[in-house]
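Enquirer: Structure incoming, see below.
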Amino acid sequence: MLEKLKLKIPKNEAKIRKTAFDKAKKYIEQASKNGGLNATAFNSFNVKGTPRERVDIEVRTGIAFVPDK
Amino acid sequence: MKTHLFPNFLTDKLEYKICKNYWETKIEYLLQKDKIINPVQYLNTQYVNGLEQLTGNPIVNYFIKSKNKALRIIQTEPETETVEFSAWTNKFQTDDLDTIELVISLELTPEAEQVTFDFIRKWIVSDFSASVMEKYIDYVYENKKSLQTANMT
């Protein structure tokens, strides 16, 4: 999912957000290990040293990141 | 060199709990002092299996009904030697809630904490609109360098 998102944004924007994407990926993996994440959950991974560049995860309804059976 | 408060909060569960309590006590005192009552948590911070996330993302979150505003504080791991923070406003819409949140992401140092509480006061107590808040955040961020050397004890 994150990989698809990376491909949708300009390369330089993805590059700036590399550490934020890495942290978001780690967070999703951790959530998955613990059964997933119920709504409503908002998480943001900012790029340090920048005013607003970030990656947001927003679970607005249902359950996200449910592990594969 | 900047002094980080609760530097091991992500690896030490007790330190995390104390750190979270530190935020709650200070923010709830600030709100109470200005007679802003009943702040409630609006975000889920547990995994499906019931475990608390303990990621600092967010460390605390509040919705204040009387202002129809929300506040989300993200505390990140100590990684830099500078005053590290960023902030933004975000339209928050779900089936149950339609509000605007102020999001502040920071490494917890005394300087970043001072900026954070200044932002909280402007957002909740002074009731800045989202557009004014954004301009204020930009202004503070542009002057961030002065925080690096200032004595802010």
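Numbering starts fresh at 1 for the residues of each chain in the structure tokens, the chains themselves are lettered A, B, ... in the order given, and ligands are numbered from 1 as they appear.
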Residues of chain B within 10 Å of chain A, using only C-alpha atoms, as an mmCIF file with N, CA and C atoms, in the first residue's frame?
Expert:
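This is the output file iface.cif:
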data_model
loop_
_atom_site.group_PDB
_atom_site.id
_atom_site.type_symbol
_atom_site.label_atom_id
_atom_site.label_comp_id
_atom_site.auth_asym_id
_atom_site.auth_seq_id
_atom_site.Cartn_x
_atom_site.Cartn_y
_atom_site.Cartn_z
ATOM 1 N N TYR B 42 -10.241 11.614 21.367
ATOM 2 C CA TYR B 42 -11.049 11.357 20.157
ATOM 3 C C TYR B 42 -10.394 10.326 19.230
ATOM 4 N N LEU B 43 -9.217 9.864 19.601
ATOM 5 C CA LEU B 43 -8.520 8.888 18.752
ATOM 6 C C LEU B 43 -8.300 7.576 19.496
ATOM 7 N N ASN B 44 -8.346 6.511 18.752
ATOM 8 C CA ASN B 44 -8.033 5.203 19.301
ATOM 9 C C ASN B 44 -6.510 5.047 19.364
ATOM 10 N N THR B 45 -6.008 4.679 20.534
ATOM 11 C CA THR B 45 -4.551 4.504 20.663
ATOM 12 C C THR B 45 -4.190 3.071 21.080
ATOM 13 N N GLN B 46 -5.142 2.151 20.835
ATOM 14 C CA GLN B 46 -4.871 0.739 21.139
ATOM 15 C C GLN B 46 -4.908 -0.087 19.856
ATOM 16 N N TYR B 47 -4.158 -1.175 19.860
ATOM 17 C CA TYR B 47 -4.270 -2.132 18.763
ATOM 18 C C TYR B 47 -5.541 -2.959 18.959
ATOM 19 N N VAL B 48 -5.882 -3.737 17.958
ATOM 20 C CA VAL B 48 -7.090 -4.561 18.036
ATOM 21 C C VAL B 48 -7.023 -5.553 19.209
ATOM 22 N N ASN B 49 -5.817 -6.035 19.532
ATOM 23 C CA ASN B 49 -5.694 -6.997 20.638
ATOM 24 C C ASN B 49 -5.771 -6.343 22.022
ATOM 25 N N GLY B 50 -6.000 -5.033 22.062
ATOM 26 C CA GLY B 50 -6.194 -4.341 23.338
ATOM 27 C C GLY B 50 -4.940 -3.722 23.923
ATOM 28 N N LEU B 51 -3.792 -4.003 23.300
ATOM 29 C CA LEU B 51 -2.541 -3.420 23.811
ATOM 30 C C LEU B 51 -2.456 -1.940 23.464
ATOM 31 N N GLN B 53 -0.626 1.350 22.283
ATOM 32 C CA GLN B 53 0.415 1.436 21.243
ATOM 33 C C GLN B 53 1.796 1.855 21.758
ATOM 34 N N THR B 55 3.637 4.393 21.179
ATOM 35 C CA THR B 55 4.500 4.890 20.109
ATOM 36 C C THR B 55 4.732 6.406 20.197
ATOM 37 N N GLY B 56 3.966 7.065 21.047
ATOM 38 C CA GLY B 56 4.057 8.524 21.116
ATOM 39 C C GLY B 56 3.343 9.211 19.965
ATOM 40 N N ASN B 57 2.651 8.434 19.153
ATOM 41 C CA ASN B 57 2.064 8.961 17.909
ATOM 42 C C ASN B 57 0.567 8.637 17.850
ATOM 43 N N PRO B 58 -0.287 9.341 18.577
ATOM 44 C CA PRO B 58 0.019 10.499 19.425
ATOM 45 C C PRO B 58 0.304 10.090 20.868
ATOM 46 N N ARG B 72 -3.725 17.222 18.815
ATOM 47 C CA ARG B 72 -2.994 15.938 18.768
ATOM 48 C C ARG B 72 -1.506 16.227 18.920
ATOM 49 N N ILE B 74 2.280 14.663 19.038
ATOM 50 C CA ILE B 74 3.111 13.511 18.678
ATOM 51 C C ILE B 74 4.508 13.758 19.251
ATOM 52 N N THR B 76 8.245 12.399 19.292
ATOM 53 C CA THR B 76 9.100 11.495 18.524
ATOM 54 C C THR B 76 10.400 11.218 19.280
ATOM 55 N N GLU B 79 16.468 12.443 18.259
ATOM 56 C CA GLU B 79 17.389 12.135 17.156
ATOM 57 C C GLU B 79 18.270 13.328 16.782
ATOM 58 N N THR B 80 17.846 14.521 17.189
ATOM 59 C CA THR B 80 18.563 15.703 16.724
ATOM 60 C C THR B 80 19.131 16.490 17.903
ATOM 61 N N THR B 82 18.967 19.801 17.742
ATOM 62 C CA THR B 82 18.344 21.117 17.582
ATOM 63 C C THR B 82 16.961 21.102 18.233
ATOM 64 N N VAL B 83 16.313 22.273 18.232
ATOM 65 C CA VAL B 83 14.926 22.321 18.702
ATOM 66 C C VAL B 83 14.068 21.788 17.564
ATOM 67 N N GLU B 84 13.513 20.603 17.754
ATOM 68 C CA GLU B 84 12.812 19.928 16.666
ATOM 69 C C GLU B 84 11.301 19.920 16.909
ATOM 70 N N PHE B 85 10.582 20.604 16.040
ATOM 71 C CA PHE B 85 9.120 20.551 16.092
ATOM 72 C C PHE B 85 8.561 20.899 14.719
ATOM 73 N N SER B 86 7.357 20.439 14.476
ATOM 74 C CA SER B 86 6.586 20.922 13.336
ATOM 75 C C SER B 86 5.121 20.882 13.752
ATOM 76 N N ALA B 87 4.313 21.701 13.103
ATOM 77 C CA ALA B 87 2.904 21.782 13.484
ATOM 78 C C ALA B 87 2.071 22.163 12.280
ATOM 79 N N TRP B 88 0.817 21.755 12.300
ATOM 80 C CA TRP B 88 -0.093 22.070 11.198
ATOM 81 C C TRP B 88 -1.530 21.887 11.683
ATOM 82 N N PHE B 92 -10.576 17.337 10.294
ATOM 83 C CA PHE B 92 -10.808 15.985 10.801
ATOM 84 C C PHE B 92 -12.287 15.658 10.622
ATOM 85 N N GLN B 93 -12.565 14.725 9.724
ATOM 86 C CA GLN B 93 -13.965 14.372 9.467
ATOM 87 C C GLN B 93 -14.154 12.865 9.519
ATOM 88 N N THR B 94 -15.029 12.447 10.418
ATOM 89 C CA THR B 94 -15.445 11.043 10.447
ATOM 90 C C THR B 94 -16.972 11.052 10.577
ATOM 91 N N ASP B 95 -17.572 9.871 10.662
ATOM 92 C CA ASP B 95 -19.028 9.798 10.839
ATOM 93 C C ASP B 95 -19.464 10.464 12.144
ATOM 94 N N ASP B 96 -18.570 10.429 13.136
ATOM 95 C CA ASP B 96 -18.949 10.913 14.467
ATOM 96 C C ASP B 96 -18.482 12.324 14.777
ATOM 97 N N VAL B 103 -2.102 19.742 15.070
ATOM 98 C CA VAL B 103 -1.181 18.632 15.291
ATOM 99 C C VAL B 103 0.214 19.207 15.529
ATOM 100 N N ILE B 104 0.828 18.764 16.601
ATOM 101 C CA ILE B 104 2.193 19.222 16.898
ATOM 102 C C ILE B 104 3.058 17.985 17.060
ATOM 103 N N SER B 105 4.135 17.928 16.309
ATOM 104 C CA SER B 105 5.071 16.814 16.385
ATOM 105 C C SER B 105 6.396 17.364 16.891
ATOM 106 N N LEU B 106 6.940 16.746 17.921
ATOM 107 C CA LEU B 106 8.154 17.321 18.503
ATOM 108 C C LEU B 106 9.038 16.283 19.160
ATOM 109 N N GLU B 107 10.295 16.647 19.301
ATOM 110 C CA GLU B 107 11.197 15.953 20.223
ATOM 111 C C GLU B 107 11.094 16.752 21.513
ATOM 112 N N ILE B 137 2.177 29.579 13.058
ATOM 113 C CA ILE B 137 3.132 28.451 13.050
ATOM 114 C C ILE B 137 4.300 28.762 12.104
ATOM 115 N N ASP B 138 3.963 29.274 10.922
ATOM 116 C CA ASP B 138 5.015 29.633 9.950
ATOM 117 C C ASP B 138 5.976 30.660 10.538
ATOM 118 N N TYR B 141 8.124 29.025 13.119
ATOM 119 C CA TYR B 141 9.075 28.099 12.484
ATOM 120 C C TYR B 141 10.214 28.868 11.808
ATOM 121 N N GLU B 142 9.852 29.974 11.160
ATOM 122 C CA GLU B 142 10.880 30.786 10.485
ATOM 123 C C GLU B 142 11.875 31.366 11.483
#
Enquirer: Work out how far apart CA of Lys20 (chain B) and CA of Leu5 (chain B) are and give it in Å to one decimal.
Expert: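 Computed distance, CA of Lys20 (chain B) to CA of Leu5 (chain B), equals 11.7 Å.
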Enquirer: With DSSP run on the backbone, what are the alpha helix (DSSP H) residues within chain B? I'd like them as a ChimeraX atom specification.
Expert: /B:13-33,110-120,130-142,144-149
Enquirer: Would you put the residues from that selection into a file with N, CA and C atoms, as a compact mmCIF listing (two decimals), in the first residue's frame?
Expert:
# COMPACT_ATOMS: atom_id res chain seq x y z
N LYS B 13 8.58 1.20 29.38
CA LYS B 13 7.13 1.36 29.55
C LYS B 13 6.77 2.30 30.70
N LEU B 14 7.53 2.20 31.80
CA LEU B 14 7.23 3.06 32.94
C LEU B 14 7.51 4.52 32.58
N GLU B 15 8.62 4.74 31.88
CA GLU B 15 8.96 6.10 31.47
C GLU B 15 7.90 6.66 30.52
N TYR B 16 7.37 5.78 29.66
CA TYR B 16 6.30 6.20 28.73
C TYR B 16 5.08 6.66 29.52
N LYS B 17 4.72 5.86 30.53
CA LYS B 17 3.53 6.18 31.33
C LYS B 17 3.72 7.52 32.05
N ILE B 18 4.91 7.72 32.61
CA ILE B 18 5.18 8.96 33.34
C ILE B 18 5.16 10.15 32.36
N CYS B 19 5.73 9.92 31.18
CA CYS B 19 5.79 10.96 30.15
C CYS B 19 4.37 11.37 29.72
N LYS B 20 3.53 10.38 29.47
CA LYS B 20 2.14 10.64 29.06
C LYS B 20 1.40 11.41 30.16
N ASN B 21 1.65 10.98 31.40
CA ASN B 21 1.03 11.65 32.54
C ASN B 21 1.50 13.09 32.66
N TYR B 22 2.76 13.31 32.34
CA TYR B 22 3.35 14.66 32.35
C TYR B 22 2.58 15.57 31.38
N TRP B 23 2.36 15.07 30.16
CA TRP B 23 1.61 15.84 29.16
C TRP B 23 0.18 16.10 29.62
N GLU B 24 -0.47 15.04 30.10
CA GLU B 24 -1.88 15.15 30.50
C GLU B 24 -2.04 16.17 31.62
N THR B 25 -1.16 16.09 32.61
CA THR B 25 -1.25 16.99 33.76
C THR B 25 -1.08 18.44 33.31
N LYS B 26 -0.09 18.70 32.49
CA LYS B 26 0.19 20.08 32.07
C LYS B 26 -0.91 20.63 31.16
N ILE B 27 -1.37 19.82 30.22
CA ILE B 27 -2.40 20.31 29.30
C ILE B 27 -3.74 20.49 30.03
N GLU B 28 -4.09 19.52 30.85
CA GLU B 28 -5.38 19.62 31.55
C GLU B 28 -5.37 20.78 32.54
N TYR B 29 -4.21 21.06 33.15
CA TYR B 29 -4.10 22.22 34.04
C TYR B 29 -4.30 23.51 33.25
N LEU B 30 -3.65 23.58 32.11
CA LEU B 30 -3.79 24.79 31.25
C LEU B 30 -5.26 25.01 30.87
N LEU B 31 -5.93 23.94 30.48
CA LEU B 31 -7.33 24.07 30.06
C LEU B 31 -8.23 24.44 31.24
N GLN B 32 -8.00 23.76 32.36
CA GLN B 32 -8.81 24.02 33.56
C GLN B 32 -8.68 25.47 34.02
N LYS B 33 -7.43 25.96 33.95
CA LYS B 33 -7.14 27.34 34.38
C LYS B 33 -7.98 28.33 33.59
N PRO B 110 12.94 21.23 26.66
CA PRO B 110 12.26 22.37 27.29
C PRO B 110 11.87 23.43 26.26
N GLU B 111 12.72 23.64 25.25
CA GLU B 111 12.43 24.67 24.25
C GLU B 111 11.23 24.29 23.38
N ALA B 112 11.22 23.02 22.93
CA ALA B 112 10.10 22.56 22.09
C ALA B 112 8.81 22.51 22.89
N GLU B 113 8.93 22.19 24.16
CA GLU B 113 7.73 22.16 25.02
C GLU B 113 7.16 23.58 25.16
N GLN B 114 8.04 24.56 25.29
CA GLN B 114 7.57 25.94 25.41
C GLN B 114 6.82 26.38 24.15
N VAL B 115 7.35 26.01 22.99
CA VAL B 115 6.68 26.32 21.72
C VAL B 115 5.33 25.61 21.67
N THR B 116 5.32 24.35 22.07
CA THR B 116 4.08 23.56 22.04
C THR B 116 2.98 24.20 22.87
N PHE B 117 3.33 24.60 24.09
CA PHE B 117 2.30 25.19 24.95
C PHE B 117 1.87 26.57 24.45
N ASP B 118 2.77 27.27 23.81
CA ASP B 118 2.39 28.54 23.18
C ASP B 118 1.36 28.25 22.07
N PHE B 119 1.62 27.24 21.26
CA PHE B 119 0.67 26.87 20.19
C PHE B 119 -0.68 26.44 20.78
N ILE B 120 -0.64 25.66 21.84
CA ILE B 120 -1.90 25.18 22.45
C ILE B 120 -2.72 26.37 22.95
N ALA B 130 -8.04 28.51 11.96
CA ALA B 130 -7.02 27.63 11.36
C ALA B 130 -6.05 28.44 10.49
N SER B 131 -6.57 29.39 9.74
CA SER B 131 -5.68 30.14 8.83
C SER B 131 -4.72 31.03 9.62
N VAL B 132 -5.22 31.64 10.69
CA VAL B 132 -4.33 32.48 11.53
C VAL B 132 -3.30 31.59 12.23
N MET B 133 -3.76 30.43 12.67
CA MET B 133 -2.85 29.50 13.35
C MET B 133 -1.73 29.07 12.41
N GLU B 134 -2.08 28.76 11.17
CA GLU B 134 -1.07 28.35 10.18
C GLU B 134 -0.02 29.45 9.99
N LYS B 135 -0.50 30.70 9.92
CA LYS B 135 0.44 31.82 9.74
C LYS B 135 1.34 31.96 10.97
N TYR B 136 0.74 31.78 12.13
CA TYR B 136 1.52 31.89 13.37
C TYR B 136 2.58 30.78 13.44
N ILE B 137 2.18 29.58 13.06
CA ILE B 137 3.13 28.45 13.05
C ILE B 137 4.30 28.76 12.10
N ASP B 138 3.96 29.27 10.92
CA ASP B 138 5.01 29.63 9.95
C ASP B 138 5.98 30.66 10.54
N TYR B 139 5.40 31.65 11.22
CA TYR B 139 6.21 32.71 11.82
C TYR B 139 7.17 32.13 12.86
N VAL B 140 6.63 31.28 13.72
CA VAL B 140 7.47 30.68 14.78
C VAL B 140 8.54 29.79 14.14
N TYR B 141 8.12 29.03 13.12
CA TYR B 141 9.08 28.10 12.48
C TYR B 141 10.21 28.87 11.81
N GLU B 142 9.85 29.97 11.16
CA GLU B 142 10.88 30.79 10.49
C GLU B 142 11.88 31.37 11.48
N LYS B 144 12.77 29.85 14.18
CA LYS B 144 13.20 28.69 14.98
C LYS B 144 14.66 28.80 15.43
N LYS B 145 15.47 29.40 14.56
CA LYS B 145 16.91 29.48 14.87
C LYS B 145 17.15 30.21 16.18
N SER B 146 16.31 31.20 16.47
CA SER B 146 16.52 31.97 17.70
C SER B 146 16.27 31.10 18.93
N LEU B 147 15.49 30.03 18.76
CA LEU B 147 15.22 29.13 19.87
C LEU B 147 16.42 28.25 20.19
N GLN B 148 17.27 28.04 19.18
CA GLN B 148 18.41 27.13 19.35
C GLN B 148 19.39 27.67 20.39
N THR B 149 19.48 29.00 20.45
CA THR B 149 20.49 29.58 21.33
C THR B 149 19.88 30.29 22.53
Enquirer: Using DSSP on the backbone coordinates, identify the residues of chain A assigned to strand (DSSP E); present them as JSON, numbers by chain.
Expert: {"A": [37, 38, 41, 42, 43, 44, 45, 46, 54, 55, 56, 57, 58, 59, 63, 64]}
Enquirer: Keeping only all heavy atoms, write those residues as a compact mmCIF listing (two decimals), in the first residue's frame.
Expert:
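After the write, again.txt holds the following:
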# COMPACT_ATOMS: atom_id res chain seq x y z
N LEU A 37 -5.72 -2.27 13.52
CA LEU A 37 -6.00 -0.98 14.15
C LEU A 37 -7.44 -0.59 13.86
O LEU A 37 -7.86 -0.50 12.71
CB LEU A 37 -5.04 0.05 13.54
CG LEU A 37 -4.71 1.31 14.30
CD1 LEU A 37 -4.16 0.99 15.69
CD2 LEU A 37 -3.68 2.12 13.51
N ASN A 38 -8.20 -0.36 14.94
CA ASN A 38 -9.59 0.09 14.78
C ASN A 38 -9.66 1.58 14.53
O ASN A 38 -8.83 2.35 15.02
CB ASN A 38 -10.36 -0.18 16.09
CG ASN A 38 -10.80 -1.63 16.20
OD1 ASN A 38 -11.33 -2.19 15.26
ND2 ASN A 38 -10.55 -2.23 17.35
N ALA A 41 -8.22 6.22 14.02
CA ALA A 41 -6.82 6.36 14.38
C ALA A 41 -6.12 7.22 13.33
O ALA A 41 -6.21 6.94 12.14
CB ALA A 41 -6.16 4.98 14.45
N PHE A 42 -5.48 8.28 13.78
CA PHE A 42 -4.71 9.17 12.91
C PHE A 42 -3.27 9.17 13.41
O PHE A 42 -3.03 9.38 14.59
CB PHE A 42 -5.24 10.61 12.96
CG PHE A 42 -6.42 10.87 12.07
CD1 PHE A 42 -7.42 9.94 11.91
CD2 PHE A 42 -6.54 12.08 11.41
CE1 PHE A 42 -8.52 10.18 11.10
CE2 PHE A 42 -7.63 12.34 10.59
CZ PHE A 42 -8.62 11.39 10.43
N ASN A 43 -2.34 8.94 12.51
CA ASN A 43 -0.93 8.97 12.86
C ASN A 43 -0.18 9.75 11.80
O ASN A 43 -0.48 9.61 10.61
CB ASN A 43 -0.36 7.55 12.94
CG ASN A 43 -1.18 6.66 13.84
OD1 ASN A 43 -2.11 6.01 13.37
ND2 ASN A 43 -0.88 6.64 15.11
N SER A 44 0.78 10.52 12.22
CA SER A 44 1.56 11.31 11.26
C SER A 44 3.04 11.10 11.51
O SER A 44 3.48 11.07 12.66
CB SER A 44 1.23 12.80 11.40
OG SER A 44 -0.13 13.02 11.14
N PHE A 45 3.77 10.98 10.42
CA PHE A 45 5.22 10.76 10.49
C PHE A 45 5.88 11.90 9.74
O PHE A 45 5.88 11.91 8.51
CB PHE A 45 5.57 9.39 9.89
CG PHE A 45 4.85 8.28 10.58
CD1 PHE A 45 3.57 7.90 10.17
CD2 PHE A 45 5.42 7.63 11.66
CE1 PHE A 45 2.88 6.90 10.83
CE2 PHE A 45 4.74 6.62 12.32
CZ PHE A 45 3.46 6.25 11.91
N ASN A 46 6.37 12.87 10.50
CA ASN A 46 6.92 14.06 9.84
C ASN A 46 8.40 13.86 9.49
O ASN A 46 9.07 13.01 10.06
CB ASN A 46 6.74 15.30 10.71
CG ASN A 46 7.65 15.28 11.92
OD1 ASN A 46 7.64 14.31 12.66
ND2 ASN A 46 8.43 16.31 12.11
N ARG A 54 5.42 15.28 5.50
CA ARG A 54 5.10 14.15 6.36
C ARG A 54 4.34 13.07 5.59
O ARG A 54 3.92 13.28 4.45
CB ARG A 54 4.25 14.61 7.55
CG ARG A 54 2.90 15.16 7.14
CD ARG A 54 2.13 15.71 8.32
NE ARG A 54 0.78 16.06 7.92
CZ ARG A 54 0.43 17.24 7.44
NH1 ARG A 54 1.33 18.19 7.30
NH2 ARG A 54 -0.82 17.46 7.09
N VAL A 55 4.15 11.94 6.26
CA VAL A 55 3.28 10.87 5.76
C VAL A 55 2.19 10.66 6.82
O VAL A 55 2.51 10.50 8.00
CB VAL A 55 4.09 9.56 5.56
CG1 VAL A 55 3.16 8.41 5.19
CG2 VAL A 55 5.15 9.75 4.47
N ASP A 56 0.94 10.69 6.40
CA ASP A 56 -0.19 10.51 7.33
C ASP A 56 -0.85 9.16 7.13
O ASP A 56 -1.03 8.71 6.00
CB ASP A 56 -1.27 11.58 7.09
CG ASP A 56 -0.83 12.97 7.54
OD1 ASP A 56 0.03 13.06 8.43
OD2 ASP A 56 -1.35 13.95 6.98
N ILE A 57 -1.23 8.54 8.24
CA ILE A 57 -2.07 7.34 8.19
C ILE A 57 -3.40 7.71 8.86
O ILE A 57 -3.40 8.21 10.00
CB ILE A 57 -1.41 6.17 8.96
CG1 ILE A 57 -0.16 5.71 8.21
CG2 ILE A 57 -2.39 5.02 9.13
CD1 ILE A 57 0.63 4.64 8.95
N GLU A 58 -4.49 7.50 8.16
CA GLU A 58 -5.80 7.86 8.72
C GLU A 58 -6.75 6.66 8.58
O GLU A 58 -7.10 6.28 7.47
CB GLU A 58 -6.38 9.08 7.99
CG GLU A 58 -5.50 10.31 8.14
CD GLU A 58 -6.10 11.57 7.53
OE1 GLU A 58 -7.18 11.46 6.88
OE2 GLU A 58 -5.50 12.65 7.69
N VAL A 59 -7.11 6.09 9.71
CA VAL A 59 -8.10 5.00 9.72
C VAL A 59 -9.42 5.62 10.16
O VAL A 59 -9.63 5.90 11.33
CB VAL A 59 -7.68 3.86 10.68
CG1 VAL A 59 -8.68 2.70 10.59
CG2 VAL A 59 -6.27 3.38 10.37
N ILE A 63 -11.55 -1.60 10.39
CA ILE A 63 -10.26 -2.05 10.94
C ILE A 63 -9.24 -2.08 9.81
O ILE A 63 -9.53 -2.61 8.73
CB ILE A 63 -10.35 -3.46 11.56
CG1 ILE A 63 -11.52 -3.55 12.56
CG2 ILE A 63 -9.06 -3.84 12.27
CD1 ILE A 63 -11.75 -4.96 13.08
N ALA A 64 -8.07 -1.56 10.07
CA ALA A 64 -7.01 -1.56 9.06
C ALA A 64 -5.85 -2.44 9.51
O ALA A 64 -5.72 -2.75 10.70
CB ALA A 64 -6.52 -0.14 8.84
Enquirer: Can you measure CA of Arg17 (chain A) to CA of Thr89 (chain B) for me? One decimal in Å is fine.
Expert: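 CA of Thr89 (chain B) lies at a distance of 19.2 Å from CA of Arg17 (chain A).
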